[in-house]
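> start37.txt is the file, holding compact mmCIF, C-alpha atoms:
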```txt
# COMPACT_ATOMS: atom_id res chain seq x y z
CA ALA Z 473 12.40 -8.52 -6.80
CA VAL Z 474 8.94 -8.31 -5.31
CA HIS Z 475 5.94 -8.25 -7.59
CA SER Z 476 2.33 -9.28 -7.89
CA GLY Z 477 0.47 -10.74 -10.83
CA LYS Z 478 1.49 -13.00 -13.69
CA VAL Z 479 5.16 -13.60 -14.43
CA ASP Z 480 6.12 -13.17 -18.09
CA LYS Z 481 8.91 -15.64 -18.92
CA ASP Z 482 10.49 -13.33 -21.49
CA ASP Z 483 10.53 -10.42 -19.04
CA LEU Z 484 11.95 -12.69 -16.33
CA SER Z 485 14.76 -13.80 -18.65
CA LYS Z 486 15.55 -10.18 -19.51
CA PHE Z 487 15.58 -9.30 -15.81
CA ARG Z 488 17.99 -12.13 -15.01
CA ALA Z 489 20.25 -11.22 -17.94
CA PHE Z 490 20.27 -7.56 -16.88
CA ASN Z 491 21.21 -8.47 -13.31
CA SER Z 492 23.78 -11.13 -14.19
CA ASN Z 493 26.66 -8.71 -13.68
CA PHE Z 494 25.60 -7.73 -10.20
CA SER Z 495 27.09 -9.54 -7.23
CA HIS Z 496 24.31 -10.66 -4.93
CA THR Z 497 23.40 -13.49 -2.62
CA ALA Z 498 20.30 -14.98 -1.02
CA ILE Z 499 19.16 -13.50 2.29
CA PRO Z 500 17.08 -15.54 4.73
CA GLU Z 501 13.54 -14.54 5.62
CA THR Z 502 13.52 -14.04 9.35
CA THR Z 503 12.45 -11.87 12.26
CA SER Z 504 15.11 -13.30 14.55
CA PRO Z 505 17.48 -10.58 15.88
CA GLU Z 506 20.24 -13.17 16.00
CA VAL Z 507 19.84 -14.10 12.33
CA VAL Z 508 19.74 -10.41 11.39
CA LYS Z 509 23.02 -9.88 13.24
CA GLU Z 510 24.57 -12.91 11.53
CA THR Z 511 23.42 -11.68 8.11
CA ILE Z 512 24.91 -8.23 8.73
CA ALA Z 513 28.20 -9.78 9.88
CA LYS Z 514 28.31 -11.94 6.75
CA ALA Z 515 27.64 -8.94 4.50
CA LYS Z 516 30.47 -7.03 6.17
CA LYS Z 517 32.86 -9.96 5.80
CA GLU Z 518 32.04 -10.33 2.09
CA ASP Z 519 32.06 -6.55 1.61
CA ARG Z 520 28.53 -6.51 0.20
CA PRO Z 521 25.85 -3.85 0.60
CA LEU Z 522 22.83 -5.10 2.54
CA ILE Z 523 19.18 -4.09 2.14
CA ILE Z 524 16.69 -5.23 4.79
CA PHE Z 525 12.94 -5.20 4.12
CA SER Z 526 10.69 -5.18 7.16
CA THR Z 527 7.05 -4.68 8.07
CA TYR Z 528 6.25 -2.30 10.90
CA HIS Z 529 4.99 -5.27 12.91
CA SER Z 530 8.50 -6.77 12.84
CA ILE Z 531 10.47 -3.54 13.22
CA LYS Z 532 11.28 -4.06 16.90
CA ARG Z 533 12.90 -7.47 16.32
CA VAL Z 534 14.73 -6.31 13.22
CA GLY Z 535 15.79 -3.18 15.08
CA ASP Z 536 17.18 -5.32 17.92
CA GLY Z 537 19.32 -7.11 15.34
CA CYS Z 538 20.64 -3.79 14.01
CA SER Z 539 21.07 -2.06 17.38
CA ASP Z 540 24.88 -2.04 17.28
CA GLU Z 541 25.17 -1.26 13.57
CA GLU Z 542 25.55 1.94 11.60
CA ILE Z 543 22.65 2.17 9.13
CA ASP Z 544 23.02 4.51 6.18
CA ILE Z 545 19.40 5.10 5.27
CA MET Z 546 15.85 4.03 6.16
CA LEU Z 547 12.98 4.37 3.69
CA SER Z 548 9.55 4.25 5.29
CA ASP Z 549 6.63 3.65 2.92
CA GLU Z 550 3.08 4.32 4.18
CA GLY Z 551 4.76 6.39 6.88
CA HIS Z 552 1.45 7.45 8.45
CA TYR Z 553 1.30 4.05 10.18
CA LEU Z 554 4.19 5.20 12.37
CA THR Z 555 1.80 7.52 14.20
CA GLN Z 556 0.38 4.40 15.87
CA LYS Z 557 1.74 3.88 19.35
CA GLU Z 558 2.82 0.26 18.84
CA PHE Z 559 4.98 1.17 15.82
CA ASN Z 560 6.17 4.66 16.71
CA LYS Z 561 8.48 3.91 19.62
CA ASN Z 562 10.10 0.84 18.06
CA PHE Z 563 10.77 2.60 14.76
CA PHE Z 564 12.33 5.72 16.24
CA ASN Z 565 14.60 3.64 18.47
CA ILE Z 566 16.55 2.93 15.28
CA ASN Z 567 18.90 5.76 14.37
CA PRO Z 568 20.20 5.66 10.80
CA LYS Z 569 22.13 8.49 9.17
CA LYS Z 570 19.07 9.45 7.12
CA LYS Z 571 15.33 8.69 7.18
CA PHE Z 572 12.78 9.32 4.44
CA PHE Z 573 9.02 8.96 4.87
CA PHE Z 574 6.46 8.47 2.10
CA THR Z 575 2.70 8.79 2.47
CA ALA Z 576 -0.37 9.86 0.53
CA THR Z 577 -2.38 10.29 3.73
CA PRO Z 578 -0.29 12.16 6.32
CA LYS Z 579 -1.55 12.06 9.88
CA ILE Z 580 -0.97 14.97 12.21
CA THR Z 581 -1.60 15.66 15.88
CA ARG Z 582 -2.83 18.77 17.69
CA THR Z 583 0.66 19.52 18.96
CA ASP Z 584 3.95 19.44 17.08
CA ASP Z 585 5.63 17.20 19.64
CA GLY Z 586 3.24 14.22 19.44
CA ARG Z 587 3.39 11.10 17.29
CA GLY Z 588 1.90 12.92 14.27
CA MET Z 589 3.85 13.63 11.11
CA ASN Z 590 3.88 17.34 11.98
CA ASN Z 591 6.56 16.45 14.54
CA VAL Z 592 9.58 17.87 12.71
CA GLU Z 593 11.93 16.46 15.32
CA ASP Z 594 10.94 12.91 14.28
CA TYR Z 595 9.91 13.25 10.64
CA GLY Z 596 11.86 16.29 9.48
CA GLU Z 597 10.67 18.93 7.03
CA ILE Z 598 8.54 18.10 3.97
CA ILE Z 599 10.83 17.97 0.94
CA TYR Z 600 8.20 17.13 -1.69
CA LYS Z 601 4.43 17.37 -1.75
CA MET Z 602 1.78 16.89 -4.43
CA ASN Z 603 -1.91 17.47 -3.78
CA PRO Z 604 -4.68 15.46 -5.54
CA ALA Z 605 -5.46 18.27 -7.99
CA GLN Z 606 -1.83 18.37 -9.13
CA ALA Z 607 -1.70 14.57 -9.37
CA ILE Z 608 -4.80 14.55 -11.59
CA GLU Z 609 -3.42 17.35 -13.78
CA ASN Z 610 -0.10 15.51 -14.18
CA GLY Z 611 -1.79 12.21 -14.99
CA ARG Z 612 -0.61 10.51 -11.81
CA ILE Z 613 -4.08 9.51 -10.64
CA VAL Z 614 -7.51 9.20 -12.22
CA ARG Z 615 -10.02 11.95 -11.53
CA PRO Z 616 -12.68 10.62 -9.13
CA ARG Z 617 -16.30 10.47 -10.29
CA LEU Z 618 -19.55 10.34 -8.34
CA ASP Z 619 -22.31 8.10 -9.70
CA PHE Z 620 -25.80 8.60 -8.28
CA VAL Z 621 -28.24 5.70 -8.19
CA LYS Z 622 -31.78 5.90 -6.87
CA ALA Z 623 -33.82 3.57 -4.74
CA PRO Z 624 -37.00 2.31 -6.46
CA SER Z 625 -39.05 4.07 -3.82
CA GLY Z 626 -37.10 7.28 -4.32
CA GLY Z 627 -36.18 7.46 -0.63
CA VAL Z 628 -33.84 5.76 1.82
CA MET Z 629 -33.69 1.98 1.45
CA GLU Z 630 -34.60 -0.38 4.25
CA ARG Z 631 -32.46 -3.48 4.75
CA ASN Z 632 -34.70 -5.82 2.77
CA GLU Z 633 -35.00 -3.32 -0.09
CA LEU Z 634 -31.23 -2.94 -0.20
CA ASP Z 635 -30.78 -6.72 -0.36
CA ALA Z 636 -33.26 -6.94 -3.24
CA ASN Z 637 -31.60 -4.13 -5.20
CA LEU Z 638 -27.91 -4.36 -4.29
CA GLY Z 639 -26.89 -6.08 -7.53
CA ARG Z 640 -28.82 -3.56 -9.63
CA LEU Z 641 -27.31 -0.61 -7.77
CA VAL Z 642 -23.78 -1.86 -8.28
CA MET Z 643 -24.33 -2.59 -11.96
CA ASP Z 644 -26.11 0.74 -12.58
CA SER Z 645 -23.13 2.54 -11.10
CA PHE Z 646 -20.70 0.50 -13.19
CA ASN Z 647 -22.67 1.12 -16.37
CA GLN Z 648 -22.69 4.86 -15.70
CA HIS Z 649 -18.93 4.79 -15.27
CA ASN Z 650 -18.49 2.65 -18.40
CA SER Z 651 -20.55 5.06 -20.51
CA VAL Z 652 -18.14 7.87 -19.61
CA LEU Z 653 -15.06 5.80 -20.45
CA GLY Z 654 -16.33 4.91 -23.92
CA GLU Z 655 -15.77 1.80 -25.98
CA GLU Z 656 -11.99 2.19 -26.28
CA VAL Z 657 -11.39 1.73 -22.54
CA LYS Z 658 -12.49 -1.38 -20.65
CA GLY Z 659 -13.94 -0.49 -17.26
CA LYS Z 660 -12.99 -2.31 -14.09
CA LEU Z 661 -15.19 -2.96 -11.09
CA LEU Z 662 -13.80 -2.78 -7.55
CA ILE Z 663 -16.39 -3.33 -4.82
CA ALA Z 664 -15.91 -2.39 -1.16
CA ALA Z 665 -18.59 -4.00 1.00
CA SER Z 666 -19.52 -3.37 4.63
CA GLY Z 667 -19.21 -7.07 5.43
CA VAL Z 668 -19.43 -10.67 4.27
CA ARG Z 669 -23.23 -10.59 4.30
CA ASP Z 670 -23.41 -7.83 1.68
CA MET Z 671 -20.89 -9.66 -0.49
CA GLU Z 672 -22.94 -12.85 -0.31
CA VAL Z 673 -26.10 -10.96 -1.29
CA LEU Z 674 -24.27 -9.30 -4.17
CA ILE Z 675 -22.72 -12.54 -5.47
CA GLU Z 676 -26.14 -14.22 -5.49
CA SER Z 677 -27.82 -11.31 -7.30
CA GLN Z 678 -29.08 -11.98 -10.83
CA GLU Z 679 -27.49 -8.76 -12.10
CA LEU Z 680 -23.97 -9.75 -11.08
CA LYS Z 681 -24.41 -13.32 -12.25
CA GLY Z 682 -25.51 -12.04 -15.67
CA PHE Z 683 -22.56 -9.68 -15.78
CA MET Z 684 -20.08 -12.46 -14.96
CA GLU Z 685 -21.61 -14.79 -17.55
CA ASN Z 686 -21.71 -12.21 -20.33
CA GLY Z 687 -18.56 -10.30 -19.50
```
Output the file's structure in the form of C-alpha cells.

Amino acid sequence: AVHSGKVDKDDLSKFRAFNSNFSHTAIPETTSPEVVKETIAKAKKEDRPLIIFSTYHSIKRVGDGCSDEEIDIMLSDEGHYLTQKEFNKNFFNINPKKKFFFTATPKITRTDDGRGMNNVEDYGEIIYKMNPAQAIENGRIVRPRLDFVKAPSGGVMERNELDANLGRLVMDSFNQHNSVLGEEVKGKLLIAASGVRDMEVLIESQELKGFMENG
C-alpha cells in the first residue's frame, strides 16, 4: 500500500486483518532489468500474480526486464507525460494486451500521428471524459474562485513595493476566501511562489508571522 500522511494504528490493523487471507510476498525495489526478470520468473514459479509499479523515468529499464514476457495490462497515470520524447519511445516499446491512460490535462499535437494523445494508434479512443464543469457539478472538484487584491498605489507594483506588501497580499486573498467559506469550514492556504526569494520575503513578512502565531 502506498500512502502519504499520518498512519492511524487502528486503520493499519484493520488493513492487515482484511488482507490476511490474501497470498502475497515482498517484491524488491529495483530498476535492474535482471532483477525484474528474476522477480517475474519467481512469480511464475509460485503461480502468483505480479504487479509492477514504475516511474516513467525508469520505464526503459523495467521494460527491458519485461521484454520477453506477456503483460496483461498497463495502467498509465498522468498519461500526458508520455508525449515527451524521452518517455514516449520507451513506453510504447512495451506491448501488453491492454493499455489504459489517465490524465486531467491531455496533450495533443497538430497531427494525429505525432506523440500527442490524439494519436489513436498509440492511445486508442477516449472511453470516458469529464470536463471541469461536470466535475464541479458532481462534487468531484471545488469550484475555482478569483480573489482580487489591490496595490496601495492602485497600479502595477514595482519590485520593492511587492516585497513590502507580499505578506499583506497573500493574507488579504486568504481572508477573502475564508469569508466565503464561513465559520463551519476551515480554510487552507497553498502558496505557489515564483522562486525561493519570494518565499523568503513572504516568510519574513509580519502578516504571515502573525498568522502562524495566531492560527
> Could you give me, as a VMD selection string, the residues within 9 Å of segment 587-602 of chain Z, counting all atoms listed in the file and dropping anything in the same chain fewer than 3 positions from it?
chain Z and resid 551 to 552 554 to 557 560 564 571 to 573 576 578 to 584 605 to 607
> Please produce a file of the residues just selected, as a PDB file, in the coordinates of the input, where the atoms kept are C-alpha atoms.

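For reference, part.pdb as written:
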```
ATOM      1  CA  GLY Z 551       4.760   6.390   6.880  1.00  0.00           C
ATOM      2  CA  HIS Z 552       1.450   7.450   8.450  1.00  0.00           C
ATOM      3  CA  LEU Z 554       4.190   5.200  12.370  1.00  0.00           C
ATOM      4  CA  THR Z 555       1.800   7.520  14.200  1.00  0.00           C
ATOM      5  CA  GLN Z 556       0.380   4.400  15.870  1.00  0.00           C
ATOM      6  CA  LYS Z 557       1.740   3.880  19.350  1.00  0.00           C
ATOM      7  CA  ASN Z 560       6.170   4.660  16.710  1.00  0.00           C
ATOM      8  CA  PHE Z 564      12.330   5.720  16.240  1.00  0.00           C
ATOM      9  CA  LYS Z 571      15.330   8.690   7.180  1.00  0.00           C
ATOM     10  CA  PHE Z 572      12.780   9.320   4.440  1.00  0.00           C
ATOM     11  CA  PHE Z 573       9.020   8.960   4.870  1.00  0.00           C
ATOM     12  CA  ALA Z 576      -0.370   9.860   0.530  1.00  0.00           C
ATOM     13  CA  PRO Z 578      -0.290  12.160   6.320  1.00  0.00           C
ATOM     14  CA  LYS Z 579      -1.550  12.060   9.880  1.00  0.00           C
ATOM     15  CA  ILE Z 580      -0.970  14.970  12.210  1.00  0.00           C
ATOM     16  CA  THR Z 581      -1.600  15.660  15.880  1.00  0.00           C
ATOM     17  CA  ARG Z 582      -2.830  18.770  17.690  1.00  0.00           C
ATOM     18  CA  THR Z 583       0.660  19.520  18.960  1.00  0.00           C
ATOM     19  CA  ASP Z 584       3.950  19.440  17.080  1.00  0.00           C
ATOM     20  CA  ALA Z 605      -5.460  18.270  -7.990  1.00  0.00           C
ATOM     21  CA  GLN Z 606      -1.830  18.370  -9.130  1.00  0.00           C
ATOM     22  CA  ALA Z 607      -1.700  14.570  -9.370  1.00  0.00           C
TER      23      ALA Z 607
END
```
> Which residues, protein or nucleic acid, reach to within 10 Å of (25.7, -12.3, 6.4) in the file's coordinates when using all atoms listed in the file, and can you give that as a list in words?
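Using all atoms listed in the file, the matching residues come out as Thr497, Ala498, Ile499, Pro500, Val507, Val508, Lys509, Glu510, Thr511, Ile512, Ala513, Lys514, Ala515, Lys516, Lys517, Glu518, Asp519, Arg520 and Leu522 of chain Z.
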> Find the distance between atom CA of Gly639 of chain Z and atom CA of Ile613 of chain Z and write it in Å to one decimal.
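Atom-to-atom, atom CA of Gly639 of chain Z and atom CA of Ile613 of chain Z are spaced 27.8 Å apart.
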> Could you tell me which of Z:Glu679, Z:Asp549, Z:Glu501, Z:Glu558 comes closest to Val534 of chain Z if we count all atoms listed in the file?
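Distance minimum relative to Val534 of chain Z lands on Z:Glu501.
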> Grab the atom CA of Glu609 of chain Z to atom CA of Lys658 of chain Z distance for me, in Å with one decimal place.
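So the answer is 21.9 Å.
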> Hey, what's within 10 Å of segment 660-665 of chain Z if we count all atoms listed in the file and toss same-chain stuff fewer than 3 positions away? As a ChimeraX atom specification, please?
/Z:642-643,645-646,649-650,657,668-672,674
> Take atom CA of Thr575 of chain Z and atom CA of Val614 of chain Z and report the distance between them in Å, one decimal.
17.9 Å
> Considering all atoms listed in the file, return as a PyMOL selection string whatever protein or nucleic-acid residues lie within 12 Å of Asn637 of chain Z, sequence-local ones (same chain, fewer than 2 positions apart) excluded.
chain Z and resi 621-625+629-635+639-644+670+673-674+676-680
